[in-house]
>>> print(open('model30.txt').read())   # compact mmCIF, C-alpha atoms
# COMPACT_ATOMS: atom_id res chain seq x y z
CA ASP A 5 0.00 0.00 0.00
CA THR A 6 1.37 3.42 -0.93
CA GLY A 7 -0.42 5.37 1.76
CA VAL A 8 -2.86 8.26 1.45
CA SER A 9 -2.50 10.27 -1.75
CA GLN A 10 -3.88 13.70 -2.62
CA ASN A 11 -4.15 15.50 -5.91
CA PRO A 12 -3.26 18.07 -6.94
CA ARG A 13 -0.42 18.92 -4.59
CA HIS A 14 -0.66 22.61 -5.39
CA LYS A 15 -3.48 24.69 -6.79
CA ILE A 16 -3.46 28.38 -7.63
CA THR A 17 -6.80 29.86 -8.53
CA LYS A 18 -8.42 33.23 -8.89
CA ARG A 19 -11.00 34.45 -6.45
CA GLY A 20 -14.47 33.34 -7.45
CA GLN A 21 -13.39 30.16 -9.22
CA ASN A 22 -14.38 26.66 -8.12
CA VAL A 23 -11.76 24.09 -7.18
CA THR A 24 -11.92 20.35 -6.49
CA PHE A 25 -9.41 18.24 -4.60
CA ARG A 26 -9.16 14.47 -4.56
CA CYS A 27 -8.06 12.12 -1.78
CA ASP A 28 -7.33 8.41 -2.17
CA PRO A 29 -7.16 6.72 1.25
CA ILE A 30 -5.36 3.56 2.25
CA SER A 31 -7.39 0.84 0.58
CA GLU A 32 -8.72 -1.05 3.60
CA HIS A 33 -9.56 2.09 5.61
CA ASN A 34 -13.25 2.75 6.14
CA ARG A 35 -12.91 6.28 7.55
CA LEU A 36 -11.78 9.36 5.68
CA TYR A 37 -11.25 12.83 7.13
CA TRP A 38 -10.70 16.29 5.69
CA TYR A 39 -8.83 19.05 7.53
CA ARG A 40 -7.70 22.58 6.76
CA GLN A 41 -4.43 23.95 8.06
CA THR A 42 -3.14 27.50 7.94
CA LEU A 43 0.42 28.56 8.67
CA GLY A 44 1.41 28.16 12.30
CA GLN A 45 -1.83 26.46 13.27
CA GLY A 46 -2.83 22.87 13.84
CA PRO A 47 -5.21 21.16 11.42
CA GLU A 48 -8.88 22.10 11.79
CA PHE A 49 -11.44 19.34 11.35
CA LEU A 50 -13.77 19.87 8.39
CA THR A 51 -15.67 16.64 7.88
CA TYR A 52 -15.39 12.87 7.95
CA PHE A 53 -16.90 9.82 6.27
CA GLN A 54 -17.41 6.28 7.35
CA ASN A 55 -17.58 4.33 4.12
CA GLU A 56 -19.77 6.51 1.89
CA ALA A 57 -21.71 8.20 4.70
CA GLN A 58 -20.74 11.72 5.76
CA LEU A 59 -21.13 11.48 9.52
CA GLU A 60 -20.13 14.95 10.68
CA LYS A 61 -19.47 18.34 9.20
CA SER A 62 -17.81 21.20 11.05
CA ARG A 63 -19.66 24.47 11.52
CA LEU A 64 -16.53 26.02 10.00
CA LEU A 65 -17.55 24.51 6.69
CA SER A 66 -19.64 27.07 4.88
CA ASP A 67 -22.18 26.24 2.19
CA ARG A 68 -19.46 26.84 -0.40
CA PHE A 69 -17.72 23.65 0.70
CA SER A 70 -18.94 20.19 -0.18
CA ALA A 71 -17.36 16.77 0.17
CA GLU A 72 -18.31 13.41 -1.26
CA ARG A 73 -17.17 9.84 -1.00
CA PRO A 74 -19.50 8.18 -3.50
CA LYS A 75 -18.33 4.57 -3.36
CA GLY A 76 -16.65 4.57 -0.01
CA SER A 77 -13.22 4.75 -1.60
CA PHE A 78 -11.78 8.06 -2.83
CA SER A 79 -13.21 11.40 -1.76
CA THR A 80 -13.48 14.85 -3.30
CA LEU A 81 -13.63 18.23 -1.60
CA GLU A 82 -15.05 21.07 -3.67
CA ILE A 83 -14.88 24.75 -2.84
CA GLN A 84 -17.18 27.00 -4.81
CA ARG A 85 -16.64 30.72 -5.37
CA THR A 86 -13.24 30.68 -3.70
CA GLU A 87 -12.20 33.55 -1.44
CA GLN A 88 -8.74 34.65 -0.38
CA GLY A 89 -9.48 33.34 3.11
CA ASP A 90 -9.72 29.84 1.65
CA SER A 91 -5.97 29.84 1.02
CA ALA A 92 -4.62 27.02 3.17
CA MET A 93 -3.28 23.48 3.13
CA TYR A 94 -6.10 20.94 2.79
CA LEU A 95 -5.22 17.63 4.40
CA CYS A 96 -6.87 14.27 4.04
CA ALA A 97 -6.46 11.38 6.46
CA SER A 98 -7.82 7.86 6.69
CA SER A 99 -8.17 5.25 9.39
CA PHE A 100 -9.67 1.84 10.00
CA TYR A 101 -12.34 2.29 12.63
CA LEU A 102 -13.00 -0.88 14.61
CA GLY A 103 -12.95 -0.84 18.38
CA ALA A 104 -10.61 1.42 20.28
CA ASN A 105 -7.32 0.99 18.48
CA TYR A 106 -7.00 3.01 15.30
CA GLU A 107 -4.59 5.57 13.91
CA GLN A 108 -5.05 8.32 11.41
CA TYR A 109 -2.71 8.37 8.44
CA PHE A 110 -2.35 11.64 6.58
CA GLY A 111 -1.72 12.44 2.96
CA PRO A 112 0.79 15.08 1.78
CA GLY A 113 -1.90 17.74 1.46
CA THR A 114 -3.07 20.09 -1.27
CA ARG A 115 -1.88 23.67 -0.94
CA LEU A 116 -4.47 26.13 -2.22
CA THR A 117 -3.58 29.70 -3.06
CA VAL A 118 -6.42 32.04 -3.99
CA THR A 119 -5.26 35.22 -5.73
CA LYS B 25 -15.71 22.88 23.61
CA GLN B 26 -12.44 20.96 23.63
CA GLU B 27 -9.30 23.08 23.57
CA VAL B 28 -5.80 21.68 23.10
CA THR B 29 -2.74 23.69 24.08
CA GLN B 30 0.89 22.92 23.35
CA ILE B 31 3.56 24.81 25.23
CA PRO B 32 6.15 25.95 24.34
CA ALA B 33 5.38 26.99 20.78
CA ALA B 34 9.06 26.60 19.89
CA LEU B 35 12.00 24.84 21.46
CA SER B 36 15.69 24.74 20.55
CA VAL B 37 18.04 22.19 22.08
CA PRO B 38 21.58 20.90 21.43
CA GLU B 39 21.98 17.46 19.88
CA GLY B 40 21.92 14.60 22.37
CA GLU B 41 19.64 16.29 24.89
CA ASN B 42 16.56 14.55 26.26
CA LEU B 43 13.42 16.68 26.03
CA VAL B 44 9.74 16.73 26.87
CA LEU B 45 6.92 18.25 24.83
CA ASN B 46 3.65 19.07 26.52
CA CYS B 47 0.03 18.81 25.42
CA SER B 48 -2.91 19.83 27.60
CA PHE B 49 -6.62 19.50 26.89
CA THR B 50 -9.63 20.98 28.66
CA ASP B 51 -12.14 18.12 28.43
CA SER B 52 -10.90 14.87 29.97
CA ALA B 53 -13.62 12.82 28.26
CA ILE B 54 -11.36 11.87 25.38
CA TYR B 55 -11.38 8.72 23.29
CA ASN B 56 -7.76 8.61 22.11
CA LEU B 57 -4.77 10.92 21.88
CA GLN B 58 -2.31 10.83 19.01
CA TRP B 59 1.07 12.50 18.54
CA PHE B 60 2.19 13.53 15.07
CA ARG B 61 5.25 14.98 13.44
CA GLN B 62 5.05 17.49 10.60
CA ASP B 63 7.95 18.62 8.44
CA PRO B 64 7.65 22.03 6.74
CA GLY B 65 5.14 22.00 3.89
CA LYS B 66 4.37 18.32 4.37
CA GLY B 67 1.56 16.18 5.74
CA LEU B 68 1.50 14.68 9.21
CA THR B 69 3.28 11.50 10.23
CA SER B 70 1.81 9.47 13.06
CA LEU B 71 4.21 8.87 15.93
CA LEU B 72 2.21 7.33 18.77
CA LEU B 73 -1.43 6.62 19.58
CA ILE B 74 -2.55 6.31 23.20
CA GLN B 75 -5.96 4.83 23.88
CA SER B 76 -7.93 6.40 26.73
CA SER B 77 -7.49 3.24 28.81
CA GLN B 78 -3.69 3.37 28.45
CA ARG B 79 -1.17 5.50 30.29
CA GLU B 80 1.76 5.41 27.90
CA GLN B 81 3.15 4.16 24.61
CA THR B 82 6.74 3.77 23.46
CA SER B 83 8.36 3.63 20.04
CA GLY B 84 12.12 3.72 19.80
CA ARG B 85 13.40 6.94 21.35
CA LEU B 86 9.86 8.25 21.85
CA ASN B 87 7.65 7.77 24.87
CA ALA B 88 4.21 9.33 25.22
CA SER B 89 2.24 9.41 28.44
CA LEU B 90 -1.39 10.28 29.12
CA ASP B 91 -3.00 11.53 32.33
CA LYS B 92 -6.67 12.04 31.57
CA SER B 93 -7.58 13.28 35.04
CA SER B 94 -5.20 16.21 34.77
CA GLY B 95 -5.81 16.73 31.04
CA ARG B 96 -2.18 16.28 30.07
CA SER B 97 0.01 14.29 27.75
CA THR B 98 3.76 14.45 27.34
CA LEU B 99 6.02 13.30 24.53
CA TYR B 100 9.51 12.39 25.68
CA ILE B 101 12.29 12.31 23.10
CA ALA B 102 15.53 10.69 24.19
CA ALA B 103 18.95 11.55 22.80
CA SER B 104 17.65 14.12 20.33
CA GLN B 105 19.14 14.30 16.82
CA PRO B 106 19.08 17.03 14.15
CA GLY B 107 16.70 14.82 12.15
CA ASP B 108 14.15 15.21 14.95
CA SER B 109 13.73 18.88 13.98
CA ALA B 110 10.08 19.31 13.02
CA THR B 111 6.76 20.48 14.40
CA TYR B 112 5.13 18.07 16.84
CA LEU B 113 1.34 18.09 17.12
CA CYS B 114 -1.03 16.34 19.47
CA ALA B 115 -4.67 15.58 18.73
CA VAL B 116 -7.53 14.29 20.87
CA TRP B 117 -10.75 12.56 19.92
CA ARG B 118 -14.01 12.98 21.82
CA ASN B 119 -15.42 10.15 23.89
CA THR B 120 -18.14 9.32 21.38
CA ASN B 121 -17.70 7.73 17.99
CA ALA B 122 -14.16 9.04 17.67
CA GLY B 123 -14.88 11.08 14.57
CA LYS B 124 -14.12 14.74 15.15
CA SER B 125 -10.70 15.57 16.54
CA THR B 126 -9.10 18.67 18.02
CA PHE B 127 -5.47 19.50 17.35
CA GLY B 128 -3.05 21.71 19.21
CA ASP B 129 -1.01 24.25 17.28
CA GLY B 130 2.18 22.29 17.79
CA THR B 131 5.66 22.74 19.19
CA THR B 132 8.38 23.48 16.66
CA LEU B 133 11.54 21.69 17.69
CA THR B 134 15.01 22.58 16.46
CA VAL B 135 17.88 20.27 17.37
CA LYS B 136 21.23 21.92 16.78
CA PRO B 137 24.25 19.80 15.81
>>> encode(input="model30.txt", output="structure tokens")
Amino acid sequence: DTGVSQNPRHKITKRGQNVTFRCDPISEHNRLYWYRQTLGQGPEFLTYFQNEAQLEKSRLLSDRFSAERPKGSFSTLEIQRTEQGDSAMYLCASSFYLGANYEQYFGPGTRLTVT
Amino acid sequence: KQEVTQIPAALSVPEGENLVLNCSFTDSAIYNLQWFRQDPGKGLTSLLLIQSSQREQTSGRLNASLDKSSGRSTLYIAASQPGDSATYLCAVWRNTNAGKSTFGDGTTLTVKP
């Protein structure tokens, strides 16, 4: 297994454009998480899926953000009408949720710059 | 609302020194606590996971302890090396279905040769 992958690694877009990021988790992992991280801060939870079900969404996630995991495998995070404040690193993580012992494994992230 | 604090924000030590990084959380009803390492511009690498029923975990030169009653965890790094230079983050999961997590802002460690 090659770990969690994210594409693209970098994205530069103009304010008002829509962007979509993709995350491919570790294949046997049933949970997938999205986070946003700005410079000097820890990751902020955005949302997570168990299989294809989106179980929780942060209040930080405005209506411009949407995430999907249609077949319980890869996931996409879309941001509509981007704003400069959306500039951040978007991180994806996956885990196998069964009982108490699990670990989150992170991808390399997608760095978004909104100009 | 869970809050996670990591102090100090930055730490510089000479190579070979043993050191302790601190993580405190306000709500002791946590599910698990995980320590991560992050290199500049990169994703997070898992170091140690401590379940709420455990008190410590060890991996190589790293030892993490958890005291839920006092809302504290420590990460002990023995015989530090320049390659240990990175930002160290802790995260806690609520005592429910372990979905949403709360991260601290990290401690940036510099180990000088």
>>> interface_residues(input="model30.txt", of="chain A", to="chain B", cutoff="9 Å", atoms="all atoms listed in the file", output="MDAnalysis selection string")
chainID A and resid 35 37 44:53 59:62 93 95:96 101 104:113 115
>>> axis_aligned_box(input="model30.txt", around="stretch 86-94 of chain B", padding_each_side="6 Å", output="lines of an AutoDock Vina configuration file")
center_x = 1.1
center_y = 12.0
center_z = 28.4
size_x = 29.4
size_y = 20.4
size_z = 25.2
>>> residues_around(input="model30.txt", residues="stretch 13-25 of chain A", least_positions_apart="3", cutoff="9 Å", atoms="only C-alpha atoms", output="VMD selection string")
chain A and resid 10 79 to 88 93 to 94 112 to 119
>>> write_last_selection(input="model30.txt", atoms="C-alpha atoms", output="mmCIF file, keeping the file's coordinate frame")
data_model
loop_
_atom_site.group_PDB
_atom_site.id
_atom_site.type_symbol
_atom_site.label_atom_id
_atom_site.label_comp_id
_atom_site.auth_asym_id
_atom_site.auth_seq_id
_atom_site.Cartn_x
_atom_site.Cartn_y
_atom_site.Cartn_z
ATOM 1 C CA GLN A 10 -3.880 13.700 -2.620
ATOM 2 C CA SER A 79 -13.210 11.400 -1.760
ATOM 3 C CA THR A 80 -13.480 14.850 -3.300
ATOM 4 C CA LEU A 81 -13.630 18.230 -1.600
ATOM 5 C CA GLU A 82 -15.050 21.070 -3.670
ATOM 6 C CA ILE A 83 -14.880 24.750 -2.840
ATOM 7 C CA GLN A 84 -17.180 27.000 -4.810
ATOM 8 C CA ARG A 85 -16.640 30.720 -5.370
ATOM 9 C CA THR A 86 -13.240 30.680 -3.700
ATOM 10 C CA GLU A 87 -12.200 33.550 -1.440
ATOM 11 C CA GLN A 88 -8.740 34.650 -0.380
ATOM 12 C CA MET A 93 -3.280 23.480 3.130
ATOM 13 C CA TYR A 94 -6.100 20.940 2.790
ATOM 14 C CA PRO A 112 0.790 15.080 1.780
ATOM 15 C CA GLY A 113 -1.900 17.740 1.460
ATOM 16 C CA THR A 114 -3.070 20.090 -1.270
ATOM 17 C CA ARG A 115 -1.880 23.670 -0.940
ATOM 18 C CA LEU A 116 -4.470 26.130 -2.220
ATOM 19 C CA THR A 117 -3.580 29.700 -3.060
ATOM 20 C CA VAL A 118 -6.420 32.040 -3.990
ATOM 21 C CA THR A 119 -5.260 35.220 -5.730
#
>>> atom_distance(input="model30.txt", atom1="atom CA of A:Ser98", atom2="atom CA of A:Gln41")
16.5 Å
>>> atom_distance(input="model30.txt", atom1="atom CA of B:Ala102", atom2="atom CA of B:Asn42")
4.5 Å
>>> atom_distance(input="model30.txt", atom1="atom CA of B:Thr98", atom2="atom CA of A:Trp38")
26.1 Å
>>> build_atoms(input="model30.txt", residues="stretch 55-66 of chain B", atoms="all heavy atoms", output="mmCIF file, in the coordinates of the input")
data_model
loop_
_atom_site.group_PDB
_atom_site.id
_atom_site.type_symbol
_atom_site.label_atom_id
_atom_site.label_comp_id
_atom_site.auth_asym_id
_atom_site.auth_seq_id
_atom_site.Cartn_x
_atom_site.Cartn_y
_atom_site.Cartn_z
ATOM 1 N N TYR B 55 -11.373 10.103 23.765
ATOM 2 C CA TYR B 55 -11.380 8.720 23.290
ATOM 3 C C TYR B 55 -9.949 8.221 23.134
ATOM 4 O O TYR B 55 -9.548 7.231 23.702
ATOM 5 C CB TYR B 55 -12.148 8.669 21.984
ATOM 6 C CG TYR B 55 -12.480 7.297 21.483
ATOM 7 C CD1 TYR B 55 -13.286 6.438 22.211
ATOM 8 C CD2 TYR B 55 -12.005 6.866 20.254
ATOM 9 C CE1 TYR B 55 -13.597 5.170 21.746
ATOM 10 C CE2 TYR B 55 -12.324 5.611 19.779
ATOM 11 C CZ TYR B 55 -13.118 4.773 20.519
ATOM 12 O OH TYR B 55 -13.424 3.517 20.054
ATOM 13 N N ASN B 56 -9.173 8.923 22.328
ATOM 14 C CA ASN B 56 -7.760 8.610 22.110
ATOM 15 C C ASN B 56 -6.977 9.912 21.987
ATOM 16 O O ASN B 56 -7.548 10.979 21.729
ATOM 17 C CB ASN B 56 -7.553 7.806 20.826
ATOM 18 C CG ASN B 56 -8.013 6.368 20.953
ATOM 19 O OD1 ASN B 56 -8.145 5.849 22.045
ATOM 20 N ND2 ASN B 56 -8.246 5.738 19.824
ATOM 21 N N LEU B 57 -5.664 9.799 22.115
ATOM 22 C CA LEU B 57 -4.770 10.920 21.880
ATOM 23 C C LEU B 57 -3.651 10.439 20.975
ATOM 24 O O LEU B 57 -3.117 9.340 21.162
ATOM 25 C CB LEU B 57 -4.197 11.454 23.204
ATOM 26 C CG LEU B 57 -3.298 12.692 23.130
ATOM 27 C CD1 LEU B 57 -3.479 13.567 24.358
ATOM 28 C CD2 LEU B 57 -1.839 12.348 22.929
ATOM 29 N N GLN B 58 -3.329 11.237 19.979
ATOM 30 C CA GLN B 58 -2.310 10.830 19.010
ATOM 31 C C GLN B 58 -1.288 11.944 18.870
ATOM 32 O O GLN B 58 -1.648 13.128 18.804
ATOM 33 C CB GLN B 58 -2.969 10.511 17.655
ATOM 34 C CG GLN B 58 -2.078 9.788 16.671
ATOM 35 C CD GLN B 58 -2.864 9.236 15.464
ATOM 36 O OE1 GLN B 58 -4.079 9.291 15.424
ATOM 37 N NE2 GLN B 58 -2.149 8.719 14.485
ATOM 38 N N TRP B 59 -0.024 11.564 18.805
ATOM 39 C CA TRP B 59 1.070 12.500 18.540
ATOM 40 C C TRP B 59 1.514 12.339 17.089
ATOM 41 O O TRP B 59 1.644 11.209 16.592
ATOM 42 C CB TRP B 59 2.257 12.236 19.466
ATOM 43 C CG TRP B 59 2.084 12.780 20.857
ATOM 44 C CD1 TRP B 59 1.583 12.118 21.952
ATOM 45 C CD2 TRP B 59 2.435 14.090 21.294
ATOM 46 N NE1 TRP B 59 1.606 12.952 23.048
ATOM 47 C CE2 TRP B 59 2.121 14.170 22.679
ATOM 48 C CE3 TRP B 59 2.974 15.212 20.681
ATOM 49 C CZ2 TRP B 59 2.336 15.326 23.442
ATOM 50 C CZ3 TRP B 59 3.181 16.362 21.431
ATOM 51 C CH2 TRP B 59 2.864 16.406 22.796
ATOM 52 N N PHE B 60 1.762 13.500 16.454
ATOM 53 C CA PHE B 60 2.190 13.530 15.070
ATOM 54 C C PHE B 60 3.446 14.374 14.928
ATOM 55 O O PHE B 60 3.721 15.263 15.738
ATOM 56 C CB PHE B 60 1.118 14.162 14.163
ATOM 57 C CG PHE B 60 -0.171 13.416 14.087
ATOM 58 C CD1 PHE B 60 -1.195 13.658 14.997
ATOM 59 C CD2 PHE B 60 -0.397 12.497 13.074
ATOM 60 C CE1 PHE B 60 -2.399 12.988 14.918
ATOM 61 C CE2 PHE B 60 -1.602 11.823 12.972
ATOM 62 C CZ PHE B 60 -2.602 12.074 13.896
ATOM 63 N N ARG B 61 4.138 14.136 13.843
ATOM 64 C CA ARG B 61 5.250 14.980 13.440
ATOM 65 C C ARG B 61 4.907 15.578 12.088
ATOM 66 O O ARG B 61 4.329 14.891 11.230
ATOM 67 C CB ARG B 61 6.509 14.112 13.336
ATOM 68 C CG ARG B 61 7.667 14.775 12.651
ATOM 69 C CD ARG B 61 8.788 13.803 12.382
ATOM 70 N NE ARG B 61 9.795 14.472 11.560
ATOM 71 C CZ ARG B 61 11.089 14.438 11.810
ATOM 72 N NH1 ARG B 61 11.551 13.727 12.825
ATOM 73 N NH2 ARG B 61 11.938 15.081 11.031
ATOM 74 N N GLN B 62 5.272 16.846 11.890
ATOM 75 C CA GLN B 62 5.050 17.490 10.600
ATOM 76 C C GLN B 62 6.305 18.244 10.187
ATOM 77 O O GLN B 62 6.780 19.124 10.911
ATOM 78 C CB GLN B 62 3.847 18.446 10.654
ATOM 79 C CG GLN B 62 3.481 19.020 9.293
ATOM 80 C CD GLN B 62 2.201 19.828 9.309
ATOM 81 O OE1 GLN B 62 1.884 20.475 10.310
ATOM 82 N NE2 GLN B 62 1.453 19.802 8.210
ATOM 83 N N ASP B 63 6.832 17.890 9.025
ATOM 84 C CA ASP B 63 7.950 18.620 8.440
ATOM 85 C C ASP B 63 7.393 19.770 7.609
ATOM 86 O O ASP B 63 6.265 19.699 7.112
ATOM 87 C CB ASP B 63 8.815 17.682 7.613
ATOM 88 C CG ASP B 63 9.501 16.645 8.492
ATOM 89 O OD1 ASP B 63 10.381 17.049 9.268
ATOM 90 O OD2 ASP B 63 9.146 15.463 8.424
ATOM 91 N N PRO B 64 8.174 20.837 7.429
ATOM 92 C CA PRO B 64 7.650 22.030 6.740
ATOM 93 C C PRO B 64 7.038 21.715 5.385
ATOM 94 O O PRO B 64 7.663 21.047 4.549
ATOM 95 C CB PRO B 64 8.905 22.909 6.603
ATOM 96 C CG PRO B 64 9.775 22.505 7.736
ATOM 97 C CD PRO B 64 9.559 21.023 7.902
ATOM 98 N N GLY B 65 5.816 22.168 5.176
ATOM 99 C CA GLY B 65 5.140 22.000 3.890
ATOM 100 C C GLY B 65 4.670 20.590 3.600
ATOM 101 O O GLY B 65 4.251 20.297 2.474
ATOM 102 N N LYS B 66 4.731 19.717 4.586
ATOM 103 C CA LYS B 66 4.370 18.320 4.370
ATOM 104 C C LYS B 66 3.129 17.936 5.172
ATOM 105 O O LYS B 66 2.634 18.707 5.987
ATOM 106 C CB LYS B 66 5.530 17.410 4.811
ATOM 107 C CG LYS B 66 6.864 17.740 4.179
ATOM 108 C CD LYS B 66 6.907 17.416 2.716
ATOM 109 C CE LYS B 66 8.300 17.614 2.155
ATOM 110 N NZ LYS B 66 8.342 17.344 0.690
#
